[in-house]
Amino acid sequence: MEVFLKPKVKPLIPVEAEVLTPDRFAGMKLSEIEGLPVYVGNRVEKLSDYFELEGSISEKPADQQITILGDASRIKYIGYGMTAGRILVEGGAGMHLGSHMSGGEIVVKGNASDWAGAEMSGGLISILGNTGDLLGSAYRGSREGMTGGCIIVKGNAGIESGIFMRRGTIVVEGEIGSFAGAHMNGGAIFIFGKASRGVGAEMRGNGSMIVCFKGVDSLLPTFIYNTIYKPNFMRIYLKFLFNTLKIDKAGEYFETPFKRYVGDAAVGGDGEIFIAET
Amino acid sequence: MADLIIKNGYVYDPLNGVDGEKYEIHISKGKIVDEVDRRDAKIIDASNMVVMPGGVDLHSHIAGSKINIGRAMRPEDHRKDVMPRTSLTRAGVGYSCPSTFFTGYRYAQMGYTTVFEPAMPPLSARHVHEELNDIPIIDKGAFTLMGNNYFVLKYVKSKDLNMLKGFMAWLLKATRGYAVKIVNPGGVENWKWGKNVGGLDDLVYNFEVTPREIITSLAKVNEELGLPHTIHLHCNNLGVPGNWETTIESIKSVESIKPSEGRTRVVHVVHCQFNALDGENWVKLKSGACKIAKYVNEHNHVTIDLGQVIFTDTTTMTGDGPWQFRLHNLTGNKWVNSDVEMEAGAGVVPYTFRKENPANAIQWAIGLELALMVHDPWKISMTTDHPNGGPFLYYPKVISWLMSRKARTDTMLELNRSCIKKTGLAGIYREYDFNEIAIITRAAPSMLLGLKNKGHLGVGADGDVSIFNVNPTDWKPSMYRDVENAFSRAAFTIKKGEIVTKNGEIAANPLGKTFWVDAKVSEKIESDVLEDLRSEFKRIYTVSLNNYPVQDAYLPLSESVEIQTGRCLS
């Protein structure tokens with residue numbers, strides 16, 4: 001079942017709307033949902049002050065789809081902590097999209113802002129436009145960022161994406177900013193565009209892997225070159241990306257050899273960076 | 001403020017020998033009295049509930065520079081427990097490093113009314129008192145760090161105990177401290193040179209004294225001064241496998257010291273769990289609790305507190321700088337080291353106690369073993385060494401473990417098997433009753449601290465009462481979750497005759513007082529010490545002597561315990 005939210009105004013101050021999740025909506029009446037609190041500056045306002053609501057509500061979060069018909073780039077915390085269901089944003093989305101989520105799916109047709117998928121532990125986020133900084137990262141001070149799930153970005157991603165990543169997958173089809181996967185301790189990042197400097201800085205290992213298909217601006221000297229080869233697991237990964245996650249670009253690299261670097265030696269890590277040799 | 005009558009409750013007041021009797025408690029003007037006028041009194045019906053004195057915690061790092069470093073370095077910790085503002089209370093955050101207001105509210109919700117901060121570096125005394133003033137509801141105090149102080153080492157070296165006595169009395173007054181805290185004696189001084197001490201007979205650089213001399217001198221002078229609390233000792237080699245020997249040696253070293261009038265104890269060993277490790281290294285780690293417990297059972301000059309481990313993500317913070325560096329190397333976690341000129345040091349490192357970690361599982365068992373193997377509960381105080389073993393919010397959980405073997409077994413089954421193999425906890429059938437819980441959380445700590453009006457419900461005591469919604473007559477150890485819930489949210493907490501929490505919600509927000517000790521020494525000693533201080537401060541300190549002592553303005557509400565040498569007056 002689907003509920004439609006039509007933005008009424010473009011707020012001047014960002015609106016913190018962590019109520020925008022299928023978990024919160026499920027089992028409520030439309031009128032109750034309209035009254036849910038959102039935080040604007042130091043005031044508490046109602047969801048209906050910013051959106052017109054219509055549609056139907058399901059009993060279980062898993063059957064619920066929330067569609068935002070328009071731009072929500074000033075709406076923060078969409079899908080915060082969701083466990084099931086689906087959110088579709090027709091325009092852009094604000095900061096902290098899908099942070100702490102553990103299941104379900106979010107699709108954003110426009111651009112997403114910073115902290116998308118921060119500390120998420122499951123589920124899928126697809127961003128068809130660009131995204132801001134700190135994609136799938138840890139919040140300040142924390143040692144564990146993304147611990148599961150998958151983020152796909154069709155456009156570019158900002159700096160410090162996937163820092164302190166522990167598990168899960170990030171796929172960026174465009175370029176990525178500097179220090180992608182810094183402090184990474186597990187998980188995989190695929191970068192189909194050009195990667196900027198500082199990739200994998202202080203990466204610890206635990207099976208963590210960064211794959212760069214279009215080269216790196218400058219690789220840190222603490223990553224040690226191993227060999228050039230065609231790993232079998234890479235083909236399995238790429239087929240997974242191609243067949244399951246529908247990333248067409250992955251199809252170009254089935255037979256490509258990769259240079260393997262291990263590091264970061266500065267912290268005694270054994271993470272891997274693969275750079276496609278084209 | 002209206003008078004209060006608490007009726008129909010099962011009263012546990014171990015200091016007055018009351019064990020679960022039903023009788024009325026009358027409170028008037030903040031004190032417990034024989035009888036109040038029934039017509040104007042507010043009556044609390046405590047039917048089927050447990051009535052105890054307000055809780056007393058003698059070791060909990062709640063204020064000062066260390067906890068503030070923890071707050072600054074752990075923004076991720078603030079997210080775990082958040083309390084929005086209400087019309088009565090302030091907003092607060094924090095879990096292992098809670099903000100000041102939050103600390104007061106959470107303690108009051110658990111029925112605690114008196115808490116002591118156990119490590120105040122003298123130079124940070126103002127900071128400690130500023131934070132203590134911002135902790136609402138509870139009464140509090142702070143222990144002054146002395147084990148690595150320049151003057152202490154100097155006087156110990158010259159074996160001039162009179163000067164040491166004068167200095168201790170002056171320092172307690174200057175910092176408005178309540179007791180003498182010793183942290184890794186000699187080790188923190190050596191840490192200034194990147195080293196530590198490995199045992200009681202290692203030498204401290206430049207002073208050529210040993211930790212043994214520091215402990216015995218301070219204990220001797222502490223007893224001669226007649227301070228209300230004994231020395232509060234954090235032993236050497238904390239957290240080093242096999243350290244139980246050092247711990248027992250430290251306790252033994254003060255065995256022959258004559259305690260001050262009216263007591264048999266001369267040393268309190270803090271967070272004993274961290275000092276009761278046996279085995280050559282972390283892999284071969286096993287419990288040394290039975291050895292410590294055997295010694296404590298046989299001797300009356302020592303008391304301990306637990307430092308119980310809780311399986312959670314916490315922040316360790318201690319004045320023991322070298323140990324924190326070792327912990328940082330063990331875990332790879334972020335680390336802050338802090339050095340206080342001439343006086344002390346500190347370190348802060350986040351740490352997660354994990355159920356699957358064999359060493360952590362053994363540590364968890366050691367804390368409980370200590371509590372269960374020491375026969376006399378009056379020698380035990382319950383602490384988690386907040387936040388080192390775990391946040392104080394988990395005290396109810398510790399109570400449930402102590403009161404129910406089933407609770408222990410249920411937890412043990414989730415732990416690494418080393419807990420069963422390398423400790424004796426599985427073979428212990430003892431279960432605490434409500435009276436013993438009242439002893440280790442209330443009566444014993446207040447007795448150890450020499451607080452005459454706390455920890456009991458006799459006439460003249462402060463009107464600090466906590467009431468818990470659990471019926472002791474039909475409670476069975478298998479119902480441990482009930483007791484955990486009851487102790488997490490006290491039905492009523494009464495502070496100085498005022499109801500401060502009701503069903504776990506804050507109902508009033510008064511400011512508690514700060515305890516400190518005003519020890520008097522002879523004028524001759526006082527002037528000698530001041531003369532020495534003046535010249536040394538000019539030579540080596542970054543602050544002048546006149547700016548050093550804490551002014552009275554920092555303690556808006558305080559109670560000083562006045563002491564004439566060798567005799568307690570108040």
# chains A, B, ... in the order shown; residues from 1 in each chain; ligands from 1

call {"tool": "residues_around", "arguments": {"residues": "His59 (chain B)", "least_positions_apart": "6", "cutoff": "8 Å", "atoms": "only C-alpha atoms", "output": "JSON, numbers by chain"}}
result
{"B": [115, 116, 117, 118, 270, 383, 385, 386]}

call {"tool": "select_by_dssp", "arguments": {"residues": "region 5-222 of chain A", "states": "strand (DSSP E or B)", "output": "PyMOL selection string"}}
result
chain A and resi 5-7+15-16+37-40+43-46+51-55+65-68+72+75-76+86-89+93+105-108+112+124-127+147-153+157+167-172+176+188-191+195+209-212+216

call {"tool": "residues_around", "arguments": {"residues": "Ala486 (chain B)", "least_positions_apart": "5", "cutoff": "10 Å", "atoms": "only C-alpha atoms", "output": "ChimeraX atom specification"}}
result
/B:49-50,110,396,467-471,480-481,491,503-504
